[in-house]
file start_13.txt (compact mmCIF, C-alpha atoms and all ligand atoms)
# COMPACT_ATOMS: atom_id res chain seq x y z
CA MET A 29 -0.59 -1.98 19.72
CA PHE A 30 2.57 -0.72 21.43
CA LEU A 31 4.90 -3.16 19.66
CA ARG A 32 3.79 -1.97 16.28
CA ASP A 33 4.04 1.66 17.32
CA PHE A 34 7.48 1.01 18.72
CA VAL A 35 8.85 -0.95 15.81
CA ASP A 36 7.22 0.66 12.80
CA LEU A 37 8.78 4.00 13.57
CA THR A 38 9.20 5.18 10.03
CA ARG A 39 5.52 5.41 9.13
CA PRO A 40 3.69 8.24 10.78
CA PHE A 41 4.95 11.42 9.22
CA MET A 42 3.54 11.28 5.74
CA LEU A 43 -0.09 10.91 6.64
CA GLU A 44 -0.04 13.76 9.08
CA GLN A 45 1.57 15.98 6.45
CA PHE A 46 -1.51 15.85 4.32
CA THR A 47 -4.24 16.73 6.72
CA PRO A 48 -5.63 20.03 5.46
CA MET A 49 -3.01 22.71 5.00
CA ASN A 50 -2.42 25.49 2.55
CA SER A 51 -0.17 25.45 -0.50
CA SER A 52 2.64 27.43 1.11
CA GLN A 53 2.90 24.87 3.91
CA LEU A 54 3.09 22.14 1.29
CA ILE A 55 5.94 23.87 -0.50
CA ALA A 56 7.77 24.14 2.81
CA LEU A 57 7.37 20.40 3.36
CA ASP A 58 8.74 19.75 -0.09
CA ALA A 59 11.90 21.64 0.63
CA ARG A 60 12.44 19.96 3.98
CA ASP A 61 12.02 16.40 2.83
CA GLY A 62 15.05 15.60 0.74
CA ASP A 63 14.21 11.95 0.26
CA SER A 64 10.75 12.16 -1.16
CA ALA A 65 8.69 15.00 -2.50
CA VAL A 66 5.22 15.80 -3.62
CA SER A 67 3.80 18.52 -5.83
CA PHE A 68 0.23 19.70 -6.11
CA SER A 69 -1.89 21.55 -8.58
CA PRO A 70 -3.86 24.11 -6.55
CA PRO A 71 -6.89 22.67 -4.73
CA ALA A 72 -10.30 23.79 -5.88
CA GLN A 73 -11.61 26.01 -3.10
CA ARG A 74 -15.30 26.02 -3.90
CA ALA A 75 -18.07 26.44 -1.41
CA GLY A 76 -20.47 23.53 -1.31
CA LEU A 77 -18.04 20.96 -2.73
CA GLU A 78 -19.80 17.68 -1.98
CA LEU A 79 -17.89 14.88 -3.65
CA SER A 80 -14.24 14.27 -4.37
CA VAL A 81 -13.28 11.38 -6.65
CA VAL A 82 -9.79 10.12 -5.84
CA VAL A 83 -8.07 8.26 -8.67
CA PRO A 84 -4.66 6.64 -8.07
CA THR A 85 -2.59 6.51 -11.25
CA PHE A 86 0.57 4.90 -12.44
CA ASN A 87 1.14 5.11 -16.20
CA GLU A 88 -2.49 5.77 -17.14
CA ARG A 89 -1.92 8.63 -19.60
CA GLU A 90 -4.42 7.36 -22.18
CA ASN A 91 -7.18 6.84 -19.62
CA VAL A 92 -7.26 10.30 -18.06
CA ILE A 93 -9.24 12.17 -20.73
CA PRO A 94 -11.87 9.42 -21.28
CA LEU A 95 -12.33 9.11 -17.51
CA VAL A 96 -12.80 12.85 -17.00
CA GLU A 97 -15.33 12.95 -19.85
CA ARG A 98 -17.26 10.11 -18.27
CA LEU A 99 -17.18 11.80 -14.85
CA ARG A 100 -18.50 15.06 -16.32
CA LYS A 101 -21.48 13.19 -17.72
CA ALA A 102 -22.09 10.94 -14.73
CA LEU A 103 -21.83 13.73 -12.15
CA ALA A 104 -23.83 16.45 -13.92
CA GLY A 105 -25.70 18.53 -11.30
CA ILE A 106 -23.36 17.49 -8.46
CA SER A 107 -20.62 19.66 -6.96
CA TRP A 108 -17.56 17.44 -7.49
CA GLU A 109 -13.83 17.39 -8.09
CA VAL A 110 -11.44 14.68 -9.19
CA ILE A 111 -7.96 14.23 -7.71
CA PHE A 112 -5.48 12.14 -9.64
CA VAL A 113 -2.73 10.91 -7.32
CA ASP A 114 0.16 9.96 -9.54
CA ASP A 115 3.34 8.19 -8.48
CA ASP A 116 5.56 10.00 -10.93
CA SER A 117 4.45 7.92 -13.93
CA THR A 118 7.08 7.55 -16.62
CA ASP A 119 4.43 8.29 -19.26
CA ARG A 120 3.84 11.71 -17.60
CA THR A 121 0.20 11.01 -16.74
CA VAL A 122 0.32 14.07 -14.48
CA ASP A 123 0.90 16.41 -17.44
CA VAL A 124 -2.36 15.32 -19.03
CA VAL A 125 -4.19 16.02 -15.76
CA ARG A 126 -2.57 19.45 -15.38
CA ASP A 127 -3.46 20.39 -18.98
CA LEU A 128 -7.10 19.56 -18.20
CA SER A 129 -7.03 21.45 -14.91
CA ILE A 130 -6.09 24.72 -16.65
CA ASN A 131 -9.62 24.96 -18.01
CA ASP A 132 -11.45 23.03 -15.31
CA PRO A 133 -10.52 23.72 -11.66
CA ARG A 134 -12.47 20.62 -10.60
CA ILE A 135 -9.55 18.57 -11.89
CA ARG A 136 -6.55 18.29 -9.58
CA ALA A 137 -3.23 16.47 -9.64
CA ILE A 138 -0.98 15.27 -6.86
CA ARG A 139 2.40 14.12 -8.09
CA ARG A 140 4.33 11.96 -5.63
CA VAL A 141 8.03 11.49 -6.18
CA HIS A 142 10.08 8.52 -4.93
CA ARG A 143 6.95 6.82 -3.62
CA ARG A 144 4.93 3.87 -4.85
CA GLY A 145 1.77 2.33 -3.56
CA LEU A 146 -1.88 2.30 -4.45
CA ALA A 147 -3.14 2.44 -0.85
CA GLY A 148 -0.80 5.29 0.11
CA ALA A 149 -1.79 7.25 -2.99
CA CYS A 150 -5.50 6.87 -2.21
CA LEU A 151 -4.95 7.97 1.39
CA GLU A 152 -3.02 11.01 0.34
CA GLY A 153 -5.75 11.98 -2.11
CA ILE A 154 -8.51 11.52 0.46
CA LEU A 155 -6.67 13.53 3.09
CA SER A 156 -6.00 16.37 0.66
CA THR A 157 -9.64 17.23 0.00
CA SER A 158 -12.18 19.27 1.91
CA ALA A 159 -15.14 17.45 0.33
CA PRO A 160 -17.19 15.61 2.97
CA ILE A 161 -17.67 12.54 0.78
CA VAL A 162 -14.93 10.82 -1.17
CA ALA A 163 -15.09 8.16 -3.86
CA VAL A 164 -12.10 6.02 -4.76
CA MET A 165 -11.94 4.50 -8.23
CA ASP A 166 -9.36 3.22 -10.71
CA ALA A 167 -8.25 5.25 -13.70
CA ASP A 168 -8.48 2.42 -16.21
CA LEU A 169 -12.25 2.69 -16.86
CA GLN A 170 -12.90 -0.73 -15.28
CA HIS A 171 -15.15 0.83 -12.64
CA ASP A 172 -18.62 1.90 -13.70
CA GLU A 173 -18.76 5.65 -13.11
CA THR A 174 -22.53 5.73 -13.76
CA ARG A 175 -22.92 4.19 -10.27
CA LEU A 176 -21.38 7.23 -8.55
CA ALA A 177 -24.56 9.35 -8.40
CA THR A 178 -26.54 6.53 -6.73
CA MET A 179 -23.67 5.87 -4.33
CA LEU A 180 -23.70 9.55 -3.39
CA SER A 181 -27.44 9.54 -2.76
CA MET A 182 -26.94 6.52 -0.45
CA MET A 183 -24.33 8.51 1.50
CA ARG A 184 -26.36 11.72 1.68
CA GLY A 185 -28.67 10.79 4.54
CA GLY A 186 -25.65 10.67 6.88
CA ARG A 187 -26.48 7.19 8.15
CA THR A 188 -24.14 5.29 5.82
CA ASP A 189 -20.38 5.44 6.43
CA LEU A 190 -19.31 3.57 3.34
CA VAL A 191 -20.81 2.38 0.07
CA VAL A 192 -19.02 -0.50 -1.63
CA ALA A 193 -19.46 -1.02 -5.35
CA THR A 194 -19.55 -4.81 -5.50
CA ARG A 195 -18.89 -7.33 -8.26
CA TYR A 196 -20.30 -10.16 -6.17
CA SER A 197 -23.94 -9.45 -5.44
CA GLY A 198 -27.09 -8.54 -7.35
CA ASP A 199 -26.35 -7.81 -11.00
CA GLY A 200 -22.64 -7.39 -10.33
CA SER A 201 -19.97 -9.47 -12.03
CA SER A 202 -16.25 -9.58 -12.60
CA GLY A 203 -16.48 -11.90 -15.59
CA GLN A 204 -15.53 -9.34 -18.21
CA GLY A 205 -12.55 -7.93 -16.35
CA PHE A 206 -11.08 -11.11 -14.81
CA ASN A 207 -9.79 -14.34 -16.29
CA ARG A 208 -10.56 -17.60 -14.47
CA ILE A 209 -7.38 -17.58 -12.38
CA ARG A 210 -7.96 -14.01 -11.20
CA GLN A 211 -11.56 -14.87 -10.40
CA ALA A 212 -10.56 -17.92 -8.32
CA GLY A 213 -7.86 -15.89 -6.54
CA SER A 214 -10.30 -13.09 -5.79
CA HIS A 215 -12.87 -15.53 -4.32
CA MET A 216 -10.18 -17.15 -2.17
CA ALA A 217 -8.95 -13.78 -0.89
CA ILE A 218 -12.52 -12.72 -0.02
CA GLY A 219 -13.11 -16.03 1.78
CA MET A 220 -9.97 -15.51 3.89
CA ALA A 221 -10.95 -11.93 4.75
CA LYS A 222 -14.43 -13.01 5.79
CA ARG A 223 -13.19 -15.90 7.93
CA LEU A 224 -10.23 -14.19 9.58
CA LEU A 225 -11.53 -10.66 9.95
CA LYS A 226 -15.28 -11.28 10.06
CA VAL A 227 -15.81 -8.71 7.32
CA GLU A 228 -19.42 -8.74 6.16
CA THR A 229 -19.43 -6.98 2.79
CA SER A 230 -19.64 -9.13 -0.36
CA ASP A 231 -16.61 -7.47 -2.04
CA PRO A 232 -14.00 -6.31 0.50
CA MET A 233 -11.39 -6.38 -2.29
CA SER A 234 -13.21 -3.72 -4.31
CA GLY A 235 -11.17 -0.71 -5.36
CA PHE A 236 -14.40 1.20 -6.02
CA PHE A 237 -16.14 2.69 -3.00
CA MET A 238 -17.40 5.89 -1.41
CA VAL A 239 -16.67 6.95 2.15
CA ARG A 240 -17.19 9.78 4.60
CA ARG A 241 -13.93 11.75 4.73
CA THR A 242 -14.06 12.28 8.50
CA LEU A 243 -13.91 8.50 8.94
CA ILE A 244 -10.62 8.36 7.04
CA ASP A 245 -9.30 11.38 8.97
CA GLU A 246 -9.84 9.33 12.11
CA LEU A 247 -8.48 6.02 10.80
CA ALA A 248 -5.56 7.40 8.78
CA PRO A 249 -2.78 6.72 11.32
CA LYS A 250 -3.83 3.05 11.43
CA LEU A 251 -4.05 2.47 7.68
CA SER A 252 -1.31 0.78 5.71
CA GLN A 253 0.20 2.62 2.79
CA GLN A 254 1.33 -0.58 1.18
CA GLY A 255 -0.76 -2.88 -0.93
CA PHE A 256 -3.84 -2.61 -3.11
CA LYS A 257 -6.53 -3.35 -0.55
CA ILE A 258 -7.39 -0.08 1.11
CA LEU A 259 -11.11 -0.87 1.48
CA LEU A 260 -10.45 -4.00 3.54
CA ASP A 261 -7.99 -2.04 5.66
CA ILE A 262 -10.59 0.68 6.33
CA ILE A 263 -13.29 -1.82 7.33
CA ALA A 264 -10.95 -3.91 9.48
CA SER A 265 -9.31 -0.89 11.15
CA SER A 266 -12.50 0.79 12.32
CA PRO A 267 -12.99 0.35 16.08
CA MET A 268 -16.77 0.70 15.59
CA PRO A 269 -18.84 -1.47 13.24
CA LEU A 270 -19.46 0.59 10.11
CA SER A 271 -22.77 1.11 8.40
CA ILE A 272 -21.96 -0.23 4.92
CA GLY A 273 -24.17 0.03 1.84
CA GLU A 274 -23.61 -1.93 -1.36
CA ILE A 275 -24.32 -1.32 -5.01
CA SER A 276 -23.59 -3.85 -7.73
CA TYR A 277 -21.64 -3.16 -10.91
CA VAL A 278 -20.02 -5.03 -13.75
CA PHE A 279 -16.21 -4.90 -13.71
CA ARG A 280 -15.10 -3.98 -17.24
CA PRO A 281 -11.98 -5.18 -19.02
CA ARG A 282 -9.02 -2.80 -19.19
CA ILE A 283 -8.68 -1.18 -22.62
CA HIS A 284 -5.65 1.15 -22.44
CA GLY A 285 -2.45 0.68 -20.45
CA GLU A 286 -1.19 -2.26 -18.44
CA SER A 287 -2.22 -3.91 -15.19
CA LYS A 288 0.02 -3.13 -12.21
CA LEU A 289 -1.09 -6.22 -10.35
CA ASP A 290 1.74 -8.67 -9.69
CA ALA A 291 2.72 -11.45 -7.29
CA SER A 292 3.86 -8.96 -4.64
CA VAL A 293 0.26 -7.77 -4.29
CA VAL A 294 -0.67 -11.25 -3.02
CA LEU A 295 2.07 -11.14 -0.37
CA GLU A 296 1.09 -7.62 0.64
CA TYR A 297 -2.47 -8.83 1.02
CA LEU A 298 -1.36 -11.68 3.31
CA GLY A 299 0.60 -9.12 5.33
CA LEU A 300 -2.50 -6.96 5.70
CA LEU A 301 -4.62 -9.96 6.78
CA VAL A 302 -2.13 -10.98 9.48
CA ALA A 303 -1.76 -7.38 10.65
CA LYS A 304 -5.49 -6.87 11.04
CA TRP A 305 -5.99 -10.35 12.52
CA SER A 306 -3.32 -9.53 15.17
CA ARG A 307 -5.17 -6.28 15.86
CA ASP A 308 -2.22 -4.27 14.54
CA LEU A 309 0.28 -5.82 16.93
CA ILE A 310 2.21 -6.87 13.83
CA SER A 311 2.46 -4.52 10.84
CA PRO A 312 2.13 -5.77 7.23
CA ARG A 313 5.76 -4.74 6.73
CA MET A 314 6.86 -6.96 9.61
CA VAL A 315 5.03 -9.92 8.07
CA LEU A 316 6.79 -9.40 4.72
CA PHE A 317 10.15 -8.93 6.45
CA GLY A 318 9.58 -12.20 8.36
CA LEU A 319 8.67 -14.09 5.17
CA VAL A 320 11.75 -12.77 3.40
CA GLY A 321 13.86 -13.76 6.44
CA LEU A 322 12.47 -17.31 6.24
CA SER A 323 13.28 -17.48 2.53
CA GLY A 324 16.84 -16.39 3.46
CA VAL A 325 17.18 -19.43 5.74
CA VAL A 326 16.16 -21.68 2.84
CA VAL A 327 18.64 -19.96 0.49
CA HIS A 328 21.40 -20.25 3.09
CA LEU A 329 20.89 -23.96 3.79
CA SER A 330 20.43 -24.90 0.10
CA MET A 331 23.60 -23.04 -0.86
CA LEU A 332 25.57 -24.55 2.01
CA ARG A 333 24.55 -28.05 1.01
CA LEU A 334 25.42 -27.38 -2.63
CA LEU A 335 28.85 -25.99 -1.79
CA LEU A 336 29.69 -28.78 0.68
CA THR A 337 28.66 -31.36 -1.93
CA ALA A 338 30.96 -29.58 -4.40
CA GLY A 339 33.82 -30.18 -1.94
CA LEU A 340 34.28 -26.70 -0.39
CA PRO A 341 35.54 -26.68 3.24
CA PHE A 342 32.77 -25.90 5.77
CA ALA A 343 33.97 -22.42 6.79
CA ALA A 344 34.30 -21.24 3.18
CA GLY A 345 30.93 -22.80 2.24
CA GLN A 346 29.25 -21.18 5.22
CA ALA A 347 30.69 -17.74 4.38
CA VAL A 348 29.57 -17.95 0.73
CA ALA A 349 26.12 -19.26 1.69
CA MET A 350 25.68 -16.41 4.17
CA LEU A 351 26.64 -13.91 1.50
CA PHE A 352 24.05 -15.37 -0.86
CA ALA A 353 21.38 -15.22 1.84
CA VAL A 354 22.17 -11.56 2.61
CA VAL A 355 22.03 -10.59 -1.08
CA SER A 356 18.80 -12.55 -1.56
CA ASN A 357 17.18 -11.02 1.55
CA TYR A 358 18.22 -7.52 0.54
CA THR A 359 16.93 -7.90 -3.02
CA LEU A 360 13.60 -9.36 -1.91
CA ASN A 361 13.11 -6.76 0.82
CA ASN A 362 13.86 -4.04 -1.70
CA ALA A 363 11.29 -5.46 -4.12
CA LEU A 364 8.59 -6.41 -1.60
CA THR A 365 8.88 -5.23 1.99
CA TYR A 366 10.11 -1.74 1.14
CA ARG A 367 8.64 -1.58 -2.36
CA ASP A 368 7.33 1.90 -1.64
CA ARG A 369 10.85 3.09 -0.79
CA ARG A 370 12.70 0.96 -3.33
CA ARG A 371 16.41 1.74 -3.82
CA ARG A 372 17.54 1.95 -7.41
CA GLY A 373 20.83 2.25 -9.36
CA LEU A 374 23.78 3.24 -7.21
CA HIS A 375 21.49 3.54 -4.18
CA PHE A 376 20.68 -0.16 -4.60
CA LEU A 377 24.38 -1.03 -4.19
CA THR A 378 25.06 1.33 -1.29
CA GLY A 379 21.90 0.02 0.38
CA MET A 380 23.13 -3.56 0.01
CA MET A 381 26.40 -2.71 1.73
CA MET A 382 24.56 -0.90 4.50
CA PHE A 383 22.16 -3.84 4.93
CA ALA A 384 25.04 -6.35 5.06
CA ALA A 385 26.95 -4.26 7.62
CA LEU A 386 23.89 -3.79 9.85
CA CYS A 387 22.94 -7.48 9.61
CA SER A 388 26.48 -8.39 10.74
CA LEU A 389 25.94 -6.28 13.83
CA GLY A 390 22.60 -8.09 14.28
CA VAL A 391 24.42 -11.43 14.19
CA LEU A 392 26.88 -10.18 16.83
CA ALA A 393 24.06 -8.88 19.05
CA GLY A 394 22.11 -12.13 18.63
CA THR A 395 25.18 -14.26 19.43
CA GLY A 396 25.91 -12.16 22.51
CA VAL A 397 22.37 -12.45 23.84
CA SER A 398 22.09 -16.20 23.17
CA SER A 399 25.47 -16.83 24.88
CA LEU A 400 24.28 -14.86 27.90
CA PHE A 401 21.03 -16.84 27.97
CA TYR A 402 22.91 -20.12 27.65
CA SER A 403 25.22 -19.27 30.56
CA GLN A 404 22.16 -18.65 32.79
CA GLU A 405 19.90 -21.41 31.47
CA PRO A 406 21.67 -24.11 29.47
CA GLN A 407 18.75 -24.86 27.15
CA TRP A 408 20.17 -24.67 23.61
CA TRP A 409 16.83 -24.01 21.89
CA LEU A 410 15.77 -21.26 24.30
CA ALA A 411 19.14 -19.52 24.00
CA GLY A 412 19.08 -19.95 20.22
CA LEU A 413 15.55 -18.55 20.00
CA ALA A 414 16.46 -15.53 22.13
CA GLY A 415 19.41 -14.80 19.85
CA ALA A 416 17.27 -15.18 16.73
CA VAL A 417 14.59 -12.80 18.09
CA ILE A 418 17.18 -10.16 18.98
CA GLY A 419 18.95 -10.54 15.62
CA ALA A 420 15.70 -10.37 13.62
CA GLY A 421 14.39 -7.41 15.66
CA TRP A 422 17.66 -5.53 15.17
CA ASN A 423 17.62 -6.23 11.44
CA TYR A 424 14.02 -5.06 11.09
CA ILE A 425 14.49 -1.84 13.06
CA THR A 426 17.72 -0.86 11.30
CA SER A 427 16.25 -1.73 7.90
CA SER A 428 13.20 0.48 8.51
CA MET A 429 15.11 3.32 10.12
CA ILE A 430 18.38 3.31 8.21
CA THR A 431 18.61 1.23 5.02
CA TRP A 432 15.11 2.07 3.75
CA ARG A 433 14.40 5.16 5.84
CA ARG A 434 11.86 7.47 4.25
N1 LIG A 501 -0.51 6.18 -7.50
C1 LIG A 501 -0.45 4.87 -7.77
N2 LIG A 501 -1.42 4.26 -8.46
C2 LIG A 501 -1.31 2.95 -8.72
C3 LIG A 501 -0.21 2.17 -8.28
N3 LIG A 501 -0.40 0.89 -8.69
C4 LIG A 501 -1.57 0.88 -9.36
N4 LIG A 501 -2.11 2.12 -9.39
C5 LIG A 501 -3.38 2.54 -9.99
O1 LIG A 501 -4.41 1.85 -9.31
C6 LIG A 501 -5.45 1.51 -10.19
C7 LIG A 501 -5.65 -0.01 -10.18
O2 LIG A 501 -4.51 -0.63 -10.74
P1 LIG A 501 -4.67 -1.82 -11.80
O3 LIG A 501 -3.33 -2.17 -12.32
O4 LIG A 501 -5.71 -1.45 -12.77
O5 LIG A 501 -5.17 -3.00 -10.85
P2 LIG A 501 -6.43 -3.90 -11.02
O6 LIG A 501 -7.57 -3.13 -11.58
O7 LIG A 501 -6.64 -4.56 -9.70
O8 LIG A 501 -5.90 -4.96 -12.05
P3 LIG A 501 -6.35 -5.19 -13.56
O9 LIG A 501 -7.74 -5.77 -13.51
O10 LIG A 501 -5.36 -6.18 -14.06
O11 LIG A 501 -6.29 -3.87 -14.28
C8 LIG A 501 -5.06 2.06 -11.57
O12 LIG A 501 -5.65 3.32 -11.72
C9 LIG A 501 -3.55 2.18 -11.45
O13 LIG A 501 -3.00 3.17 -12.30
C10 LIG A 501 0.81 2.83 -7.53
O14 LIG A 501 1.79 2.25 -7.11
N5 LIG A 501 0.64 4.16 -7.29
MG MG A 502 -7.48 -2.22 -13.35
call {"tool": "encode", "arguments": {"input": "start_13.txt", "output": "structure tokens", "more": "lines below"}}
Ligand SMILES: Nc1nc2c(ncn2[C@@H]2O[C@H](COP(=O)(O)OP(=O)(O)OP(=O)(O)O)[C@@H](O)[C@H]2O)c(=O)[nH]1
Ligand SMILES: [Mg+2]
result
Amino acid sequence: MFLRDFVDLTRPFMLEQFTPMNSSQLIALDARDGDSAVSFSPPAQRAGLELSVVVPTFNERENVIPLVERLRKALAGISWEVIFVDDDSTDRTVDVVRDLSINDPRIRAIRRVHRRGLAGACLEGILSTSAPIVAVMDADLQHDETRLATMLSMMRGGRTDLVVATRYSGDGSSGQGFNRIRQAGSHMAIGMAKRLLKVETSDPMSGFFMVRRTLIDELAPKLSQQGFKILLDIIASSPMPLSIGEISYVFRPRIHGESKLDASVVLEYLGLLVAKWSRDLISPRMVLFGLVGLSGVVVHLSMLRLLLTAGLPFAAGQAVAMLFAVVSNYTLNNALTYRDRRRRGLHFLTGMMMFAALCSLGVLAGTGVSSLFYSQEPQWWLAGLAGAVIGAGWNYITSSMITWRR
């Protein structure tokens, strides 16, 4: 536990910011945090609010109104609200939500600026409500909202911590929403989660579930803000076995807008699996940083070989190959490891220079440590390994705290 706490120093502040507070405190936070900001439409302060539906959105403008209409029908007779957590969509999804909220205070918007991430958005939405029970569902109408009322009645007795809407048991299916490749990938991912993390539910990858808010209040500091798989993270992060109910549903095809799922989601998922399997000793970010580092070694050696074959002297070839590896590592880390804090435009270039300068210091520190090791214990591999660990650790810490600081 301590290694993760020590190394992943950049993480904790955001989650704590969103435990219940009033609007004036939120405005103060906005002003203080120059790097990232968040704006809220006023929370619905209604007595007896029972259910909050948290909907993460990124470019879902056309889906907002149909979803709200469906929620109104499905949740008739229940005291509910819906919170759209939008990562500053370019199609101005948040404006549609705010227009609706003028006439219906049950509809709320959280607009996050300079942040990306489905899991982080869901967490922020959950932590911003006072409702005791929270549902998480996608905006794109793929999740069957008519299941919500039954899910709520399963939660009401107080004995169930979590209800998972599953595509993989009873009458559930993913056939309409997934092609064959997605289906095979989903089954493989579930198999890995079950084997490695001993997760019992039939659909730990589901993005449609209902949970007791106090559980998330407790688990929040442990949950990753990266990735798509918040449900798996919740189940695997709980120190106590959870009482989990299931309800089946048919995953519908997406009608409006585009899927945000891409290859990086697979890598983020692997990061989450390793993190939970190591009992949070390693963070998902560390796993991604390590994978990118390994790819840098491959880039470096391939380039060196190419340049030497082309007749370049060794020193020149080595310098150019190193430069390629640094640029490749920086670009991949920007796209994957620090996707939620991605640097763009001019910031991309200044970040690259910063990354290169800090990595050079890492090389110096690593060389110094390995030379010291070698003078005490002339085992080349042990000394080399010590240098590599120091260099990689330095690079990770400075990347998280300086190049991609929040
Ligand atoms: N706030 C926020 N929401 C996101 C982000 N990425 C995806 N979403 C939302 O999360 C939900 C699920 O995303 P989808 O792209 O539909 O993912 P999916 O359902 O697994 O994939 P498809 O079946 O291809 O649609 C949608 O409501 C998205 O708008 C993000 O970075 N931030
Ligand atoms: Mg979808």
call {"tool": "residues_near_point", "arguments": {"input": "start_13.txt", "point": "(-9.9, 12.5, 10.3)", "cutoff": "12 Å", "atoms": "all atoms listed in the file", "output": "number ranges by chain"}}
result
A: 43-44, 46-48, 151, 154-158, 160, 239-251
call {"tool": "write_last_selection", "arguments": {"input": "start_13.txt", "atoms": "C-alpha atoms", "output": "PDB file, in the coordinates of the input"}}
result
ATOM      1  CA  LEU A  43      -0.090  10.910   6.640  1.00  0.00           C
ATOM      2  CA  GLU A  44      -0.040  13.760   9.080  1.00  0.00           C
ATOM      3  CA  PHE A  46      -1.510  15.850   4.320  1.00  0.00           C
ATOM      4  CA  THR A  47      -4.240  16.730   6.720  1.00  0.00           C
ATOM      5  CA  PRO A  48      -5.630  20.030   5.460  1.00  0.00           C
ATOM      6  CA  LEU A 151      -4.950   7.970   1.390  1.00  0.00           C
ATOM      7  CA  ILE A 154      -8.510  11.520   0.460  1.00  0.00           C
ATOM      8  CA  LEU A 155      -6.670  13.530   3.090  1.00  0.00           C
ATOM      9  CA  SER A 156      -6.000  16.370   0.660  1.00  0.00           C
ATOM     10  CA  THR A 157      -9.640  17.230   0.000  1.00  0.00           C
ATOM     11  CA  SER A 158     -12.180  19.270   1.910  1.00  0.00           C
ATOM     12  CA  PRO A 160     -17.190  15.610   2.970  1.00  0.00           C
ATOM     13  CA  VAL A 239     -16.670   6.950   2.150  1.00  0.00           C
ATOM     14  CA  ARG A 240     -17.190   9.780   4.600  1.00  0.00           C
ATOM     15  CA  ARG A 241     -13.930  11.750   4.730  1.00  0.00           C
ATOM     16  CA  THR A 242     -14.060  12.280   8.500  1.00  0.00           C
ATOM     17  CA  LEU A 243     -13.910   8.500   8.940  1.00  0.00           C
ATOM     18  CA  ILE A 244     -10.620   8.360   7.040  1.00  0.00           C
ATOM     19  CA  ASP A 245      -9.300  11.380   8.970  1.00  0.00           C
ATOM     20  CA  GLU A 246      -9.840   9.330  12.110  1.00  0.00           C
ATOM     21  CA  LEU A 247      -8.480   6.020  10.800  1.00  0.00           C
ATOM     22  CA  ALA A 248      -5.560   7.400   8.780  1.00  0.00           C
ATOM     23  CA  PRO A 249      -2.780   6.720  11.320  1.00  0.00           C
ATOM     24  CA  LYS A 250      -3.830   3.050  11.430  1.00  0.00           C
ATOM     25  CA  LEU A 251      -4.050   2.470   7.680  1.00  0.00           C
TER      26      LEU A 251
END
call {"tool": "closest_atom_pairs", "arguments": {"input": "start_13.txt", "of": "chain A", "to": "ligand MG 502 (chain A)", "cutoff": "10 Å", "atoms": "only C-alpha atoms and all ligand atoms", "output": "tab-separated table"}}
result
residue	atom	partner	partner_atom	distance
A:Met165	CA	A:MG502	MG	9.6
A:Asp166	CA	A:MG502	MG	6.3
A:Ala167	CA	A:MG502	MG	7.5
A:Asp168	CA	A:MG502	MG	5.5
A:Leu169	CA	A:MG502	MG	7.7
A:Gln170	CA	A:MG502	MG	5.9
A:His171	CA	A:MG502	MG	8.3
A:Gly205	CA	A:MG502	MG	8.2
A:Phe206	CA	A:MG502	MG	9.7
A:Gly235	CA	A:MG502	MG	8.9
A:Phe279	CA	A:MG502	MG	9.1
A:Arg280	CA	A:MG502	MG	8.7
A:Pro281	CA	A:MG502	MG	7.8
A:Arg282	CA	A:MG502	MG	6.1
A:Ile283	CA	A:MG502	MG	9.4
A:His284	CA	A:MG502	MG	9.9
A:Gly285	CA	A:MG502	MG	9.2
A:Glu286	CA	A:MG502	MG	8.1
A:Ser287	CA	A:MG502	MG	5.8
A:Lys288	CA	A:MG502	MG	7.6
A:Leu289	CA	A:MG502	MG	8.1
call {"tool": "axis_aligned_box", "arguments": {"input": "start_13.txt", "around": "ligand LIG 501 (chain A)", "padding_each_side": "4 Å", "output": "AutoDock Vina command-line options"}}
result
--center_x -3.0 --center_y 0.0 --center_z -10.7 --size_x 17.5 --size_y 20.4 --size_z 15.2
call {"tool": "closest_residue", "arguments": {"input": "start_13.txt", "among": "A:Glu109, A:Asp132, A:Glu90, A:Asp199", "to": "Ile161 of chain A", "atoms": "only C-alpha atoms"}}
result
A:Glu109
call {"tool": "atom_distance", "arguments": {"input": "start_13.txt", "atom1": "atom CA of Arg139 of chain A", "atom2": "atom C10 of ligand LIG 501 (chain A)"}}
result
11.4 Å
call {"tool": "closest_residue", "arguments": {"input": "start_13.txt", "among": "A:Asp368, A:Leu374, A:Gly324, A:Asp189", "to": "Phe352 of chain A", "atoms": "only C-alpha atoms"}}
result
A:Gly324
call {"tool": "atom_distance", "arguments": {"input": "start_13.txt", "atom1": "atom CA of Ala177 of chain A", "atom2": "atom CA of Leu103 of chain A"}}
result
6.4 Å
call {"tool": "closest_residue", "arguments": {"input": "start_13.txt", "among": "A:Ala212, A:Ala411, A:Ala147, A:Val125", "to": "ligand LIG 501 (chain A)", "atoms": "all atoms listed in the file"}}
result
A:Ala147
call {"tool": "residues_around", "arguments": {"input": "start_13.txt", "residues": "segment 330-336 of chain A", "least_positions_apart": "6", "cutoff": "9 Å", "atoms": "only C-alpha atoms", "output": "PyMOL selection string"}}
result
chain A and resi 342+344-350+352-353
call {"tool": "write_last_selection", "arguments": {"input": "start_13.txt", "atoms": "C-alpha atoms", "output": "mmCIF file, in the frame of the given file"}}
result
data_model
loop_
_atom_site.group_PDB
_atom_site.id
_atom_site.type_symbol
_atom_site.label_atom_id
_atom_site.label_comp_id
_atom_site.auth_asym_id
_atom_site.auth_seq_id
_atom_site.Cartn_x
_atom_site.Cartn_y
_atom_site.Cartn_z
ATOM 1 C CA PHE A 342 32.770 -25.900 5.770
ATOM 2 C CA ALA A 344 34.300 -21.240 3.180
ATOM 3 C CA GLY A 345 30.930 -22.800 2.240
ATOM 4 C CA GLN A 346 29.250 -21.180 5.220
ATOM 5 C CA ALA A 347 30.690 -17.740 4.380
ATOM 6 C CA VAL A 348 29.570 -17.950 0.730
ATOM 7 C CA ALA A 349 26.120 -19.260 1.690
ATOM 8 C CA MET A 350 25.680 -16.410 4.170
ATOM 9 C CA PHE A 352 24.050 -15.370 -0.860
ATOM 10 C CA ALA A 353 21.380 -15.220 1.840
#
